[in-house]
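Participant: Sharing target18.cif (mmCIF, C-alpha atoms) below.
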data_work
loop_
_atom_site.label_atom_id
_atom_site.label_comp_id
_atom_site.auth_asym_id
_atom_site.auth_seq_id
_atom_site.Cartn_x
_atom_site.Cartn_y
_atom_site.Cartn_z
CA MET A 1 -108.44 -82.52 -17.32
CA SER A 2 -111.09 -79.82 -17.78
CA TYR A 3 -114.58 -80.97 -18.66
CA ASN A 4 -116.33 -79.45 -21.68
CA ASP A 5 -120.04 -79.10 -20.83
CA ARG A 6 -121.10 -76.78 -23.69
CA PHE A 7 -123.31 -79.48 -25.20
CA ILE A 8 -125.19 -80.02 -21.93
CA ARG A 9 -125.60 -76.28 -21.40
CA ALA A 10 -126.96 -75.77 -24.92
CA CYS A 11 -129.45 -78.63 -24.45
CA ARG A 12 -130.72 -76.80 -21.36
CA LYS A 13 -130.88 -73.43 -23.17
CA GLU A 14 -128.14 -72.04 -20.94
CA THR A 15 -125.51 -69.57 -22.10
CA VAL A 16 -122.50 -70.88 -24.03
CA ASP A 17 -119.37 -69.17 -25.29
CA ARG A 18 -119.63 -71.00 -28.62
CA VAL A 19 -122.00 -73.39 -30.35
CA PRO A 20 -121.36 -77.04 -29.45
CA VAL A 21 -121.16 -79.57 -32.28
CA TRP A 22 -121.25 -83.33 -32.72
CA TYR A 23 -122.11 -85.42 -35.78
CA MET A 24 -124.45 -88.34 -36.16
CA ARG A 25 -122.39 -91.41 -37.17
CA GLN A 26 -119.23 -89.53 -36.20
CA ALA A 27 -117.61 -92.88 -35.36
CA GLY A 28 -117.73 -94.47 -38.77
CA ARG A 29 -116.43 -95.43 -42.16
CA TYR A 30 -115.20 -91.98 -43.22
CA ASP A 31 -112.24 -92.55 -40.83
CA PRO A 32 -109.44 -94.72 -42.32
CA GLU A 33 -108.42 -95.90 -38.84
CA TYR A 34 -111.96 -97.13 -38.21
CA ARG A 35 -112.05 -98.88 -41.59
CA LYS A 36 -108.95 -100.84 -40.58
CA ILE A 37 -110.68 -101.97 -37.40
CA LYS A 38 -113.70 -103.04 -39.46
CA GLU A 39 -111.44 -105.26 -41.59
CA LYS A 40 -110.95 -107.40 -38.48
CA TYR A 41 -114.23 -107.00 -36.58
CA SER A 42 -117.88 -106.62 -37.54
CA LEU A 43 -120.02 -103.87 -36.01
CA LEU A 44 -121.70 -106.31 -33.63
CA GLU A 45 -118.33 -107.81 -32.64
CA ILE A 46 -116.96 -104.36 -31.80
CA CYS A 47 -120.03 -103.67 -29.66
CA LYS A 48 -119.34 -106.81 -27.62
CA ILE A 49 -115.76 -105.76 -26.76
CA PRO A 50 -116.22 -102.82 -24.36
CA GLU A 51 -112.62 -101.58 -24.55
CA LEU A 52 -112.71 -101.53 -28.36
CA ALA A 53 -116.18 -99.98 -28.54
CA ALA A 54 -115.03 -97.28 -26.13
CA GLU A 55 -111.92 -96.60 -28.20
CA VAL A 56 -113.96 -96.26 -31.40
CA THR A 57 -116.34 -93.90 -29.57
CA MET A 58 -113.43 -91.69 -28.46
CA MET A 59 -111.59 -91.56 -31.81
CA PRO A 60 -113.70 -88.78 -33.38
CA VAL A 61 -113.59 -86.73 -30.18
CA ARG A 62 -109.80 -86.68 -30.37
CA LYS A 63 -109.60 -86.21 -34.14
CA LEU A 64 -112.44 -83.78 -34.80
CA GLY A 65 -112.57 -81.78 -31.56
CA VAL A 66 -116.33 -82.27 -31.17
CA ASP A 67 -118.17 -81.31 -27.98
CA ALA A 68 -119.86 -84.67 -27.33
CA ALA A 69 -119.25 -88.35 -27.93
CA ILE A 70 -121.95 -90.67 -29.28
CA LEU A 71 -121.82 -94.25 -28.07
CA TYR A 72 -120.58 -96.71 -30.68
CA SER A 73 -123.49 -99.11 -30.94
CA ASP A 74 -126.42 -99.94 -33.19
CA ILE A 75 -130.13 -99.32 -32.72
CA MET A 76 -130.74 -103.05 -33.22
CA ASN A 77 -128.58 -104.18 -30.29
CA PRO A 78 -131.36 -104.40 -27.67
CA VAL A 79 -133.79 -106.40 -29.85
CA ALA A 80 -131.72 -109.56 -29.47
CA SER A 81 -132.62 -109.49 -25.79
CA ILE A 82 -136.36 -109.52 -26.52
CA GLY A 83 -136.16 -112.53 -28.83
CA ILE A 84 -135.28 -111.23 -32.30
CA ASP A 85 -132.61 -113.00 -34.35
CA PHE A 86 -130.86 -110.50 -36.63
CA ASP A 87 -127.62 -109.69 -38.37
CA ILE A 88 -126.16 -106.47 -39.80
CA VAL A 89 -125.41 -107.34 -43.42
CA ALA A 90 -122.90 -105.25 -45.40
CA ASN A 91 -124.51 -102.89 -47.93
CA ILE A 92 -127.99 -103.87 -46.70
CA GLY A 93 -128.37 -103.16 -42.98
CA PRO A 94 -130.35 -105.11 -40.38
CA VAL A 95 -131.73 -108.42 -41.68
CA ILE A 96 -134.24 -110.22 -39.45
CA ALA A 97 -134.39 -114.03 -39.43
CA ASN A 98 -137.84 -114.13 -37.80
CA PRO A 99 -139.88 -111.09 -38.96
CA ILE A 100 -142.97 -110.07 -37.00
CA ARG A 101 -146.16 -110.54 -38.99
CA SER A 102 -148.87 -111.56 -36.46
CA ALA A 103 -150.24 -111.26 -32.94
CA ALA A 104 -148.52 -114.55 -32.12
CA ASP A 105 -145.17 -113.12 -33.19
CA VAL A 106 -145.67 -110.09 -30.95
CA GLY A 107 -146.72 -112.35 -28.10
CA LYS A 108 -143.41 -114.21 -28.25
CA LEU A 109 -141.38 -111.08 -27.54
CA LYS A 110 -139.79 -111.13 -24.08
CA PRO A 111 -139.04 -108.28 -21.67
CA ILE A 112 -135.54 -106.91 -22.17
CA ASP A 113 -132.79 -108.04 -19.78
CA VAL A 114 -130.30 -105.21 -20.04
CA GLU A 115 -127.97 -106.34 -17.25
CA GLY A 116 -127.99 -109.96 -18.41
CA ASP A 117 -127.88 -109.65 -22.20
CA LEU A 118 -126.37 -106.21 -22.76
CA SER A 119 -123.83 -105.90 -19.96
CA HIS A 120 -121.13 -105.21 -22.58
CA VAL A 121 -122.95 -102.03 -23.63
CA LEU A 122 -123.18 -100.86 -20.02
CA GLU A 123 -119.51 -101.62 -19.44
CA THR A 124 -118.61 -99.56 -22.52
CA ILE A 125 -120.57 -96.64 -21.07
CA ARG A 126 -118.79 -96.99 -17.71
CA ILE A 127 -115.38 -96.93 -19.42
CA LEU A 128 -116.31 -93.83 -21.38
CA ASP A 129 -117.65 -92.12 -18.27
CA ARG A 130 -114.15 -92.45 -16.77
CA GLU A 131 -112.19 -91.53 -19.91
CA LEU A 132 -114.06 -88.74 -21.69
CA ASP A 133 -113.70 -85.01 -21.10
CA VAL A 134 -116.91 -84.32 -23.08
CA PRO A 135 -120.43 -85.64 -22.43
CA LEU A 136 -121.35 -89.11 -23.68
CA ILE A 137 -124.61 -89.34 -25.62
CA THR A 138 -126.15 -92.81 -25.67
CA PHE A 139 -129.09 -93.75 -27.86
CA ALA A 140 -131.90 -96.08 -28.76
CA GLY A 141 -133.98 -96.66 -31.85
CA ALA A 142 -137.55 -95.44 -31.50
CA PRO A 143 -140.39 -98.00 -31.68
CA PHE A 144 -141.61 -97.16 -35.20
CA THR A 145 -138.13 -97.31 -36.70
CA ILE A 146 -137.33 -100.58 -34.91
CA ALA A 147 -140.75 -101.99 -35.88
CA SER A 148 -140.12 -101.18 -39.53
CA TYR A 149 -137.08 -103.49 -39.50
CA LEU A 150 -138.78 -106.19 -37.47
CA ILE A 151 -141.83 -106.31 -39.75
CA GLU A 152 -140.20 -105.78 -43.14
CA GLY A 153 -137.31 -108.11 -42.29
CA ARG A 154 -134.77 -105.62 -43.67
CA PRO A 155 -134.56 -101.93 -44.62
CA SER A 156 -137.44 -100.73 -46.77
CA LYS A 157 -138.21 -97.77 -49.00
CA ASN A 158 -142.00 -97.84 -48.81
CA TYR A 159 -142.70 -99.64 -45.48
CA LEU A 160 -145.49 -101.58 -47.16
CA ARG A 161 -145.69 -104.47 -44.67
CA THR A 162 -145.25 -102.08 -41.74
CA LYS A 163 -148.16 -99.89 -42.79
CA GLU A 164 -150.25 -102.91 -43.73
CA LEU A 165 -149.97 -104.21 -40.16
CA MET A 166 -150.57 -100.73 -38.75
CA TYR A 167 -153.76 -100.18 -40.77
CA SER A 168 -155.11 -103.74 -40.84
CA GLU A 169 -154.26 -104.94 -37.33
CA PRO A 170 -154.17 -101.86 -35.10
CA LYS A 171 -154.41 -103.94 -31.91
CA VAL A 172 -151.38 -105.97 -32.93
CA TRP A 173 -149.57 -102.78 -33.90
CA HIS A 174 -150.24 -101.10 -30.56
CA ALA A 175 -149.19 -104.24 -28.69
CA LEU A 176 -145.90 -104.16 -30.58
CA MET A 177 -145.45 -100.44 -29.83
CA GLU A 178 -146.09 -101.15 -26.15
CA LYS A 179 -143.40 -103.85 -25.99
CA LEU A 180 -140.86 -101.81 -27.94
CA GLY A 181 -141.61 -98.80 -25.73
CA ASP A 182 -140.91 -100.91 -22.64
CA MET A 183 -137.64 -102.06 -24.22
CA VAL A 184 -136.50 -98.51 -24.97
CA ILE A 185 -137.37 -97.21 -21.50
CA ALA A 186 -135.45 -99.98 -19.69
CA TYR A 187 -132.49 -99.74 -22.08
CA LEU A 188 -132.06 -95.96 -21.82
CA ARG A 189 -132.59 -95.92 -18.06
CA ALA A 190 -129.76 -98.44 -17.68
CA HIS A 191 -127.57 -96.27 -19.95
CA MET A 192 -128.07 -93.21 -17.77
CA ALA A 193 -127.45 -95.21 -14.56
CA SER A 194 -124.14 -96.43 -16.04
CA GLY A 195 -122.79 -92.96 -16.79
CA GLY A 196 -124.52 -91.64 -19.91
CA LYS A 197 -124.77 -87.85 -19.87
CA ALA A 198 -127.60 -87.50 -22.43
CA PHE A 199 -129.56 -89.73 -24.78
CA GLN A 200 -131.01 -89.48 -28.25
CA LEU A 201 -134.03 -91.41 -29.46
CA PHE A 202 -133.53 -92.04 -33.18
CA ASP A 203 -136.77 -92.26 -35.16
CA SER A 204 -134.99 -92.37 -38.49
CA TRP A 205 -137.93 -93.43 -40.68
CA VAL A 206 -141.03 -92.04 -38.96
CA GLY A 207 -141.13 -89.25 -41.56
CA ALA A 208 -142.73 -91.89 -43.82
CA LEU A 209 -145.98 -91.29 -41.91
CA SER A 210 -148.54 -88.53 -42.31
CA PRO A 211 -149.11 -86.29 -39.27
CA ALA A 212 -152.47 -88.03 -38.65
CA ASP A 213 -150.93 -91.51 -38.73
CA PHE A 214 -148.00 -90.38 -36.57
CA ARG A 215 -150.45 -88.94 -34.05
CA ARG A 216 -152.58 -92.09 -34.03
CA PHE A 217 -150.05 -94.90 -34.24
CA VAL A 218 -146.70 -93.62 -32.90
CA LEU A 219 -146.90 -90.44 -30.83
CA PRO A 220 -148.56 -92.03 -27.75
CA THR A 221 -145.58 -94.35 -27.35
CA ILE A 222 -143.05 -91.53 -27.88
CA GLU A 223 -144.83 -89.46 -25.24
CA ARG A 224 -144.85 -92.43 -22.84
CA ILE A 225 -141.11 -93.04 -23.28
CA PHE A 226 -140.23 -89.45 -22.42
CA ASP A 227 -142.85 -89.30 -19.64
CA GLU A 228 -141.41 -92.38 -17.95
CA LEU A 229 -137.85 -91.08 -18.26
CA SER A 230 -138.68 -87.52 -17.22
CA ASP A 231 -137.24 -88.05 -13.73
CA LEU A 232 -133.75 -88.41 -15.24
CA ARG A 233 -131.65 -85.23 -15.03
CA GLN A 234 -129.76 -85.93 -18.25
CA PRO A 235 -130.83 -84.03 -21.41
CA LYS A 236 -133.12 -85.98 -23.73
CA ILE A 237 -133.14 -85.62 -27.52
CA TYR A 238 -135.80 -86.81 -29.96
CA PHE A 239 -134.69 -87.01 -33.58
CA PRO A 240 -137.70 -87.75 -35.82
CA GLY A 241 -135.42 -88.51 -38.74
CA VAL A 242 -135.56 -87.46 -42.36
CA SER A 243 -138.57 -85.83 -44.05
CA SER A 244 -140.16 -85.25 -40.64
CA GLY A 245 -140.80 -81.51 -40.81
CA GLU A 246 -144.58 -81.95 -41.05
CA LEU A 247 -144.52 -83.93 -37.78
CA LEU A 248 -142.89 -81.18 -35.70
CA PRO A 249 -146.17 -79.45 -34.69
CA GLU A 250 -147.33 -82.77 -33.20
CA LEU A 251 -144.53 -82.89 -30.59
CA GLY A 252 -145.83 -80.31 -28.11
CA ASN A 253 -146.41 -82.80 -25.27
CA VAL A 254 -143.17 -84.77 -25.69
CA LYS A 255 -141.02 -84.22 -22.58
CA ALA A 256 -137.75 -84.01 -24.49
CA ASP A 257 -135.24 -81.17 -24.09
CA VAL A 258 -133.99 -81.09 -27.68
CA ILE A 259 -135.55 -81.88 -31.06
CA GLY A 260 -133.26 -82.82 -33.93
CA LEU A 261 -134.11 -81.31 -37.33
CA ASP A 262 -133.29 -82.66 -40.77
CA TRP A 263 -131.98 -80.31 -43.47
CA ARG A 264 -135.36 -79.80 -45.15
CA VAL A 265 -136.61 -77.51 -42.38
CA PRO A 266 -134.66 -74.31 -41.63
CA ILE A 267 -133.75 -73.88 -37.97
CA ALA A 268 -135.98 -70.82 -37.60
CA GLU A 269 -138.97 -72.59 -39.15
CA GLY A 270 -138.35 -75.68 -37.02
CA ARG A 271 -138.45 -73.55 -33.89
CA ARG A 272 -141.67 -71.91 -35.07
CA ARG A 273 -143.34 -75.29 -35.63
CA LEU A 274 -142.18 -76.38 -32.16
CA ASN A 275 -143.50 -73.14 -30.58
CA GLY A 276 -140.05 -72.42 -29.20
CA ALA A 277 -140.55 -75.10 -26.56
CA TYR A 278 -137.32 -77.02 -27.20
CA ALA A 279 -133.66 -76.54 -27.86
CA VAL A 280 -132.94 -77.63 -31.43
CA GLN A 281 -130.18 -79.63 -33.06
CA GLY A 282 -129.10 -79.76 -36.67
CA ASN A 283 -129.17 -79.51 -39.54
CA LEU A 284 -126.54 -79.42 -42.30
CA ASP A 285 -127.33 -81.68 -45.25
CA PRO A 286 -124.55 -84.31 -45.03
CA THR A 287 -123.99 -84.19 -48.79
CA VAL A 288 -122.87 -80.55 -48.50
CA LEU A 289 -119.65 -82.09 -47.17
CA THR A 290 -118.82 -83.05 -50.77
CA ALA A 291 -118.46 -79.33 -51.62
CA PRO A 292 -115.37 -77.10 -51.32
CA MET A 293 -114.70 -75.79 -47.80
CA SER A 294 -115.82 -72.28 -48.72
CA VAL A 295 -119.25 -73.64 -49.66
CA ILE A 296 -119.46 -75.84 -46.56
CA GLU A 297 -118.60 -72.87 -44.36
CA SER A 298 -121.23 -70.65 -45.99
CA TYR A 299 -123.94 -73.26 -45.33
CA ALA A 300 -122.71 -73.75 -41.76
CA ALA A 301 -122.66 -70.00 -41.09
CA GLU A 302 -126.27 -69.65 -42.23
CA ILE A 303 -127.34 -72.46 -39.88
CA ILE A 304 -125.36 -70.98 -36.98
CA ASP A 305 -126.84 -67.53 -37.57
CA GLN A 306 -130.35 -68.98 -37.29
CA GLY A 307 -129.37 -71.19 -34.36
CA LEU A 308 -128.12 -68.23 -32.34
CA GLU A 309 -131.36 -66.29 -32.75
CA GLN A 310 -132.65 -68.05 -29.61
CA PRO A 311 -131.01 -69.92 -26.70
CA GLY A 312 -130.59 -73.66 -27.11
CA PHE A 313 -128.78 -74.72 -30.27
CA VAL A 314 -126.52 -77.68 -31.03
CA PHE A 315 -124.88 -77.92 -34.46
CA ASN A 316 -125.19 -81.29 -36.17
CA LEU A 317 -126.01 -82.81 -39.52
CA GLY A 318 -129.57 -83.38 -40.69
CA HIS A 319 -128.78 -87.11 -40.84
CA GLY A 320 -125.73 -89.33 -40.39
CA LEU A 321 -122.29 -89.05 -41.95
CA PHE A 322 -121.70 -91.12 -45.08
CA PRO A 323 -118.59 -93.24 -45.78
CA GLU A 324 -117.27 -90.90 -48.48
CA ALA A 325 -117.11 -87.91 -46.11
CA SER A 326 -113.68 -86.34 -45.57
CA LEU A 327 -112.04 -86.51 -42.16
CA GLU A 328 -110.06 -83.39 -43.03
CA LYS A 329 -113.16 -81.40 -44.01
CA LEU A 330 -114.98 -82.49 -40.84
CA THR A 331 -112.04 -81.34 -38.74
CA GLU A 332 -112.01 -77.98 -40.54
CA LEU A 333 -115.78 -77.66 -40.23
CA THR A 334 -115.67 -78.29 -36.48
CA ALA A 335 -113.03 -75.60 -36.03
CA PHE A 336 -115.06 -73.20 -38.19
CA ILE A 337 -118.26 -73.79 -36.19
CA HIS A 338 -116.39 -73.04 -32.97
CA SER A 339 -114.57 -69.93 -34.19
CA TYR A 340 -117.47 -68.44 -36.17
CA SER A 341 -120.03 -68.96 -33.40
CA GLU A 342 -117.65 -67.67 -30.73
CA LYS A 343 -117.27 -64.41 -32.65
CA ARG A 344 -121.02 -64.13 -33.23
CA ILE A 345 -121.81 -64.74 -29.55
CA ALA A 346 -119.15 -62.23 -28.43
CA SER A 347 -120.61 -59.71 -30.88
CA GLN A 348 -124.14 -60.31 -29.57
CA ASN A 349 -122.98 -59.89 -25.98
CA GLY A 350 -121.20 -56.68 -26.90
CA LYS A 351 -124.34 -55.25 -28.48
CA GLU A 352 -126.40 -56.20 -25.44
CA GLN A 353 -123.94 -54.43 -23.12
CA THR A 354 -124.01 -51.23 -25.21
CA HIS A 355 -127.79 -51.08 -24.80
CA VAL A 356 -127.66 -51.35 -21.00
#
Written as structure tokens, how would this file's structure read?
Facilitator:
Amino acid sequence: MSYNDRFIRACRKETVDRVPVWYMRQAGRYDPEYRKIKEKYSLLEICKIPELAAEVTMMPVRKLGVDAAILYSDIMNPVASIGIDFDIVANIGPVIANPIRSAADVGKLKPIDVEGDLSHVLETIRILDRELDVPLITFAGAPFTIASYLIEGRPSKNYLRTKELMYSEPKVWHALMEKLGDMVIAYLRAHMASGGKAFQLFDSWVGALSPADFRRFVLPTIERIFDELSDLRQPKIYFPGVSSGELLPELGNVKADVIGLDWRVPIAEGRRRLNGAYAVQGNLDPTVLTAPMSVIESYAAEIIDQGLEQPGFVFNLGHGLFPEASLEKLTELTAFIHSYSEKRIASQNGKEQTHV
């Protein structure tokens, strides 16, 4: 079984013969086979059965032909270990039984016990390390995004309670960031020790902050996470979520290898705001997948053209797949990304050779 390392090479800005692609939420409700599994098991139940979680992780690799697998899990999984009681409620998302609202609440949070409380996640990673012929990406939720659920008690549109705590009780806020940062570091380190080949830190909702507030209240913890994991050889991705384009110039000291871009910032502009310091990943608007294939391919080609202007590009969506997405269109899109980019790279290499 040959091993496909294009994703790893692109993360490291090394040469590739075609652009690698994977999709956020690629193991999900757009797949009828997955929907059947969900009729019997909840998300959290699947996560606790390593063989099933591994199978769900591998399904899109086999069906779509993507260049990386993303661990089937949820960003909330590790918070149970630090003392948070939560459930994933259909059509709502994470719902917290004991929201954090005070210094006392933060003080009750325990250090994470990955081996003791989350051994099923590590076993899933070990199974996938044996079975996959593409790299496995594992992930964690970033402290701001996790904090927004813990404080609000459920998903929010305006993050009112979160920002209230941030502005009114900065010492409490920073104490919470410290504990969540510790959780993320221990969790991701255990992932990589168990066989993970890369990780992504999802900061899905941090785009709700201004650059000044991001710099003051969040960035120090993001920098610390990547600093403390910088000894790991595996590629590291930071995805600052949706509406985060204004935050990109703030990331210059983050020791990540790849920055994920949402669809609001063109690849070329994203690279400019990042001073060319990182490989980039992205950034098709997921809703483009509702269009005819000819339209989808034209959008993808434009993104690939920009991505290939510099080394270090991974094709992805600008956010996660939605349930109404078409398995057939995703399969066609993956094949198009591979064939189109392979021709473009071959053409570029041919031009370079003629100038020698």
Participant: Could you list, as number ranges by chain, every residue matched by the PyMOL selection byres ((chain A and resi 204-216) around 10) in this structure?
Facilitator: A: 141-146, 148, 155-159, 163, 166-167, 170, 174, 201-203, 217-222, 239-251, 319-320
Participant: Between A:Leu284, A:Ala301, A:Ala97, A:Ala193, which has the minimum distance to Asp85 of chain A (counting all atoms listed in the file)?
Facilitator: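 Among the listed residues, A:Ala97 lies closest to Asp85 of chain A.
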Participant: Have a look at atom CA of Phe322 of chain A and atom CA of Gln26 of chain A and let me know their distance in Å, one decimal.
Facilitator: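 We find that atom CA of Phe322 of chain A and atom CA of Gln26 of chain A lie 9.4 Å from each other.
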Participant: What would the selection look like, as JSON, numbers by chain, if the PyMOL selection byres ((chain A and resi 185) around 10) were run on the coordinates I just shared?
Facilitator: {"A": [112, 140, 180, 181, 182, 183, 184, 186, 187, 188, 189, 190, 191, 224, 225, 226, 227, 228, 229]}
Participant: Considering all atoms listed in the file, state which residue in the set A:Ser326, A:Glu39, A:Ile84, A:Val254 is at the smallest distance from Ala291 of chain A.
Facilitator: A:Ser326
Participant: What is the distance between atom CA of Leu64 of chain A and atom CA of Leu52 of chain A, in Å to one decimal?
Facilitator: 18.9 Å
Participant: Can you build me a table of segment 175-217 of chain A residues sitting at most 9 Å from segment 107-110 of chain A, with the closest atom pair per residue and its distance in Å to one decimal, using all atoms listed in the file, sorted by chain and residue number, as a tab-separated table?
Facilitator:
residue	atom	partner	partner_atom	distance
A:Ala175	CA	A:Gly107	CA	8.5
A:Leu176	CA	A:Gly107	CA	8.6
A:Lys179	CA	A:Leu109	CA	7.7
Participant: For the atom pair atom CA of Ile37 of chain A and atom CA of Leu327 of chain A, what is the interatomic distance in Å to one decimal place?
Facilitator: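 Taking atom CA of Ile37 of chain A and atom CA of Leu327 of chain A, their separation equals 16.2 Å.
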Participant: Check what the PyMOL selection byres ((chain A and resi 87) around 10) selects in the file above and give those residues as a list in words.
Facilitator: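 So the PyMOL selection byres ((chain A and resi 87) around 10), applied here, picks out Leu43, Leu44, Met76, Asn77, Ala80, Ile84, Asp85, Phe86, Ile88, Val89, Ala90, Gly93, Pro94, Val95, Ile96, Ala97 and Arg154 of chain A.
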Participant: Which is closer to Ser347 of chain A than all the others in A:Leu160, A:Ala198, A:Gly260, A:Arg18, using all atoms listed in the file?
Facilitator: A:Arg18
Participant: Given the choices A:Ala104, A:Ile151, A:Pro323, A:Val19, which gets closest to Ile304 of chain A if the distance is worked out from all atoms listed in the file?
Facilitator: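 With all atoms listed in the file as the atom set, the closest residue is A:Val19.
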